[in-house]
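Reading through the structure tokens given below for one structure.
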Amino acid sequence: MSRDLSYEAVMARRGDITRQAVGIDYAEFERSPIAFDYEGLMEQTGYSLDEVQRIQQLTQVGNTPLVELRNITCLARKLAGPGKGARIFLKDEAANPSGSFKARRASVSVYRARQLGYPGVACASSGNYAAAVASQAAKWGLKCIILQEVFDSRGLGQPEIVEKGRACEAYGAEVWQLSVGPELFYVFLRILEETGYFSASLYTPFAIAGIETLGYEIGQQVIEREGRPPDAVVITHAGGGNVTGTARGLRKAGCTATQIIGASVDLRGLHMASDHDFNRKSFTTGHTGFGVPFATFPDRADVPRNAARALRYLDRYVLVSQGEVFYATEMLAQLEGLERGPAGNTSLAAAFCIAQQLDRDQIVVVQETEYTGAGKHPSAQLTFARQNGVEVRRGDPRENRPGQAIVIPAHPGQMAVEELDLDGIRRSYVRNALQRAGSYQPTEADWRFLAEDCHSTVEAVRAWHTAE
Amino acid sequence: MNKAKAGDWVQIHNVVLPPGERAPQVPADTQQVPFEMRLKGFLVDAEAEVGQDVTIETVIGRRIQGTLVAVNPAYPHGFGEPVAELLTIGRELRALLEEAAQ
């Protein structure tokens, strides 16, 4: 009997398809309609730091250089007040096999697929993660299928995503290029069901365990070189994995007092599933369109419980504009001789501003870079933006309007981060969690889970709920 | 190039969901357009012209049917045009750095 392949029928089978495709029974870790055993899930289904390091060594992932950005630090000090201007370091993650930190995330997933005997891996990603999975699949001899959201109804592809598709094809993957819309997940489920491949989801415990080595290496490298942990680490935030894995790794390196600062590109006002808005953005990840919804409702992911839970770890969450990130990208190339990004330089743009708030003897680490190339380049993105009716000019970056105007700072002194109110985001998180639990009455254990899951206190969480 | 023969590298296209059958959460502008896919592979049919229904074999050996839309499809992306707004940033930043050094 042939299966019903309609949208509704396939989506209704998502639980079974996902369980088969990631090899985890999430039900074991559920505690109530609100709470689950997060650390239990991470420990029992993930890998220890030692195991991850060993797996990553097998495919040349990790152990990337940490470089001090002396010229950019000097510039930040020129702009900062007396005694201000922390030293800025950068973790050059572009040195990974597929050119980004996503190789860490993919390495453990693909290793897992190989260990469990899956014939191949499939991955739904329009970004660096797709290339990372394809690269790791090539190293482990597994077949690979990538699904990308890449073109609008005119058939026009976002250059950065077109480039990622090319990279995946270079690594020998079958690349499905899809138009705008969340139905990509429906096609993904159909392919998983048809092929029996492993789902290299971004949000499994193994994917997150893969990033822990990044935080751990940063902690170790700074301590080894400077004799103390970094004061702050700035992390580009989208789906939450980068923040979660890095923060967990820093803790494992003993950096418990290091401030965890998330940074996203401000794309507020653009609808992520809109055919019209799709090609009016110059950043396809690291932006608020993922960063905010994944913080307030992490379990929106393609697995029942998302192992990437940014709100558990964030101490600050800041926004920068597209124009500021392009400016920081030029700064990195022209003052430090490193042509990287641009999307990965979101955390650099933020760190340049944050360094000016910190003291001169403090250390701030920019946690990643990514490769640059055709499509993934400021001139490629700005040419494309202009062709799609977006105004590009120099000026005050506060005049930046997502989808309408990209304003590249006239002077580095105009760069500034916008602070997002984390308590406001925590309130939304609590509201979402309680709404989804329906008529269920939370127990003491549920309040404790909510407080931990949003990095707050039971008193605060209860007070927000009462005030609703 | 409009014609292809067996073994040529080609691209196919399919409408996965027509307008009206799209996911309920999709915004109004996206509801009005089809959900489409494109995929590349080696042509299985002996010969075909753009616009015909064909079968391809992908690089990992899977056979998929669709409408032939391109033969030997090129990558359309590049580095774009020189962007005047970026060209002077390096010079400006180096001047500021020299001031700071003095």
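Going through the structure tokens in order, the chains are called A, B, and so on, while each chain numbers its residues from 1 and the ligands are numbered from 1 in the order shown.
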
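Residue-level contacts from chain A to chain B at 6 Å, counting only C-alpha atoms, read Leu75, Lys78, Pro159, Trp176, Gln177, Leu178, Ser179, Ser274, Asp275, Gln334, Ala374, Gly375, Ser379, Ala380 and Thr383 of chain A.
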
Picked from region 78-253 of chain A by DSSP as helix (DSSP H, G or I), as a PyMOL selection string: chain A and resi 78-79+93-95+102-115+128-140+159-170+184-195+205-226+241-252

Could you tell me, as a ChimeraX atom specification, which residues of region 10-97 of chain B DSSP assigns to strand (DSSP E) when given the backbone? /B:10-17,35-43,47-49,53-57,63-71

For region 438-448 of chain A: contacts at 8 Å, only C-alpha atoms, fewer than 3 positions along chain excluded, given as a list of chain:residue names: A:Ser32, A:Pro33, A:Ile34, A:Ala35, A:Leu434, A:Gln435, A:Ala451, A:Glu452, A:Thr457, A:Val458, A:Val461, A:Arg462

Near region 277-287 of chain A, within 8 Å and counting only C-alpha atoms, which residues show up once chain neighbours fewer than 4 positions away are dropped, as an mmCIF file with N, CA and C atoms, in the first residue's frame?
data_model
loop_
_atom_site.group_PDB
_atom_site.id
_atom_site.type_symbol
_atom_site.label_atom_id
_atom_site.label_comp_id
_atom_site.auth_asym_id
_atom_site.auth_seq_id
_atom_site.Cartn_x
_atom_site.Cartn_y
_atom_site.Cartn_z
ATOM 1 N N SER A 126 19.996 26.267 4.621
ATOM 2 C CA SER A 126 20.388 27.131 3.508
ATOM 3 C C SER A 126 21.755 27.732 3.763
ATOM 4 N N GLY A 127 22.372 27.371 4.887
ATOM 5 C CA GLY A 127 23.583 28.066 5.300
ATOM 6 C C GLY A 127 24.817 27.197 5.352
ATOM 7 N N ASP A 152 13.012 32.922 -4.882
ATOM 8 C CA ASP A 152 11.653 33.448 -4.763
ATOM 9 C C ASP A 152 10.838 33.019 -5.983
ATOM 10 N N GLY A 157 17.660 33.542 -7.004
ATOM 11 C CA GLY A 157 18.287 32.953 -5.814
ATOM 12 C C GLY A 157 19.087 33.966 -5.013
ATOM 13 N N GLN A 158 19.027 33.885 -3.681
ATOM 14 C CA GLN A 158 19.854 34.720 -2.803
ATOM 15 C C GLN A 158 21.311 34.285 -3.016
ATOM 16 N N GLU A 160 24.130 34.330 -1.452
ATOM 17 C CA GLU A 160 24.825 33.598 -0.389
ATOM 18 C C GLU A 160 24.373 32.133 -0.352
ATOM 19 N N ILE A 161 23.075 31.925 -0.588
ATOM 20 C CA ILE A 161 22.535 30.562 -0.531
ATOM 21 C C ILE A 161 22.912 29.798 -1.809
ATOM 22 N N VAL A 180 10.581 29.884 -1.526
ATOM 23 C CA VAL A 180 10.359 30.394 -0.167
ATOM 24 C C VAL A 180 9.178 29.695 0.502
ATOM 25 N N THR A 236 27.425 35.127 17.558
ATOM 26 C CA THR A 236 26.322 35.380 16.625
ATOM 27 C C THR A 236 25.189 34.413 16.943
ATOM 28 N N HIS A 237 23.992 34.962 17.133
ATOM 29 C CA HIS A 237 22.866 34.148 17.594
ATOM 30 C C HIS A 237 21.762 34.051 16.539
ATOM 31 N N ALA A 238 21.376 32.798 16.241
ATOM 32 C CA ALA A 238 20.236 32.576 15.342
ATOM 33 C C ALA A 238 19.336 31.523 15.979
ATOM 34 N N ALA A 263 24.613 38.121 19.698
ATOM 35 C CA ALA A 263 24.472 39.258 18.785
ATOM 36 C C ALA A 263 23.741 38.788 17.533
ATOM 37 N N SER A 264 22.744 39.541 17.114
ATOM 38 C CA SER A 264 22.033 39.227 15.861
ATOM 39 C C SER A 264 21.968 40.464 14.989
ATOM 40 N N VAL A 265 21.812 40.226 13.692
ATOM 41 C CA VAL A 265 21.565 41.322 12.757
ATOM 42 C C VAL A 265 20.081 41.677 12.842
ATOM 43 N N ASP A 266 19.806 42.967 12.883
ATOM 44 C CA ASP A 266 18.427 43.422 13.014
ATOM 45 C C ASP A 266 17.688 43.321 11.680
ATOM 46 N N LEU A 267 16.793 42.358 11.593
ATOM 47 C CA LEU A 267 15.930 42.253 10.396
ATOM 48 C C LEU A 267 14.462 42.337 10.816
ATOM 49 N N LEU A 270 10.786 42.197 8.671
ATOM 50 C CA LEU A 270 10.736 41.364 7.459
ATOM 51 C C LEU A 270 10.163 40.000 7.852
ATOM 52 N N HIS A 271 9.194 39.524 7.062
ATOM 53 C CA HIS A 271 8.593 38.218 7.349
ATOM 54 C C HIS A 271 9.440 37.128 6.698
ATOM 55 N N MET A 272 9.866 36.161 7.515
ATOM 56 C CA MET A 272 10.800 35.151 7.018
ATOM 57 C C MET A 272 10.175 34.205 5.990
ATOM 58 N N ALA A 273 8.849 34.097 5.957
ATOM 59 C CA ALA A 273 8.217 33.192 4.986
ATOM 60 C C ALA A 273 7.561 33.962 3.846
ATOM 61 N N GLY A 291 16.714 34.536 15.664
ATOM 62 C CA GLY A 291 17.220 34.754 17.029
ATOM 63 C C GLY A 291 16.135 34.958 18.064
ATOM 64 N N GLN A 322 22.592 45.658 9.385
ATOM 65 C CA GLN A 322 23.296 45.058 8.239
ATOM 66 C C GLN A 322 24.471 45.939 7.805
ATOM 67 N N ALA A 343 28.349 37.407 7.021
ATOM 68 C CA ALA A 343 27.362 37.129 8.082
ATOM 69 C C ALA A 343 28.033 36.776 9.409
ATOM 70 N N GLY A 344 29.159 36.063 9.333
ATOM 71 C CA GLY A 344 29.868 35.654 10.555
ATOM 72 C C GLY A 344 30.460 36.828 11.310
ATOM 73 N N THR A 346 28.873 39.413 12.313
ATOM 74 C CA THR A 346 27.864 40.030 13.176
ATOM 75 C C THR A 346 28.433 40.204 14.584
ATOM 76 N N GLN A 381 26.531 40.970 -2.055
ATOM 77 C CA GLN A 381 25.267 41.192 -1.346
ATOM 78 C C GLN A 381 24.709 42.583 -1.593
ATOM 79 N N LEU A 382 25.585 43.595 -1.638
ATOM 80 C CA LEU A 382 25.086 44.963 -1.825
ATOM 81 C C LEU A 382 24.639 45.203 -3.263
ATOM 82 N N ALA A 385 21.295 43.602 -3.307
ATOM 83 C CA ALA A 385 20.321 44.423 -2.556
ATOM 84 C C ALA A 385 19.814 45.554 -3.448
ATOM 85 N N ASN A 388 17.389 44.621 -5.998
ATOM 86 C CA ASN A 388 16.087 44.283 -5.444
ATOM 87 C C ASN A 388 15.413 45.482 -4.776
ATOM 88 N N GLY A 389 15.872 46.674 -5.130
ATOM 89 C CA GLY A 389 15.181 47.889 -4.682
ATOM 90 C C GLY A 389 15.563 48.381 -3.304
ATOM 91 N N VAL A 390 16.626 47.834 -2.718
ATOM 92 C CA VAL A 390 17.064 48.306 -1.398
ATOM 93 C C VAL A 390 18.075 49.437 -1.611
ATOM 94 N N PRO A 402 15.527 47.558 7.690
ATOM 95 C CA PRO A 402 15.570 46.247 7.039
ATOM 96 C C PRO A 402 14.637 46.160 5.830
ATOM 97 N N GLY A 403 15.192 45.744 4.705
ATOM 98 C CA GLY A 403 14.392 45.585 3.492
ATOM 99 C C GLY A 403 14.246 46.855 2.687
ATOM 100 N N GLN A 404 14.624 48.016 3.277
ATOM 101 C CA GLN A 404 14.472 49.291 2.555
ATOM 102 C C GLN A 404 15.794 50.029 2.379
#
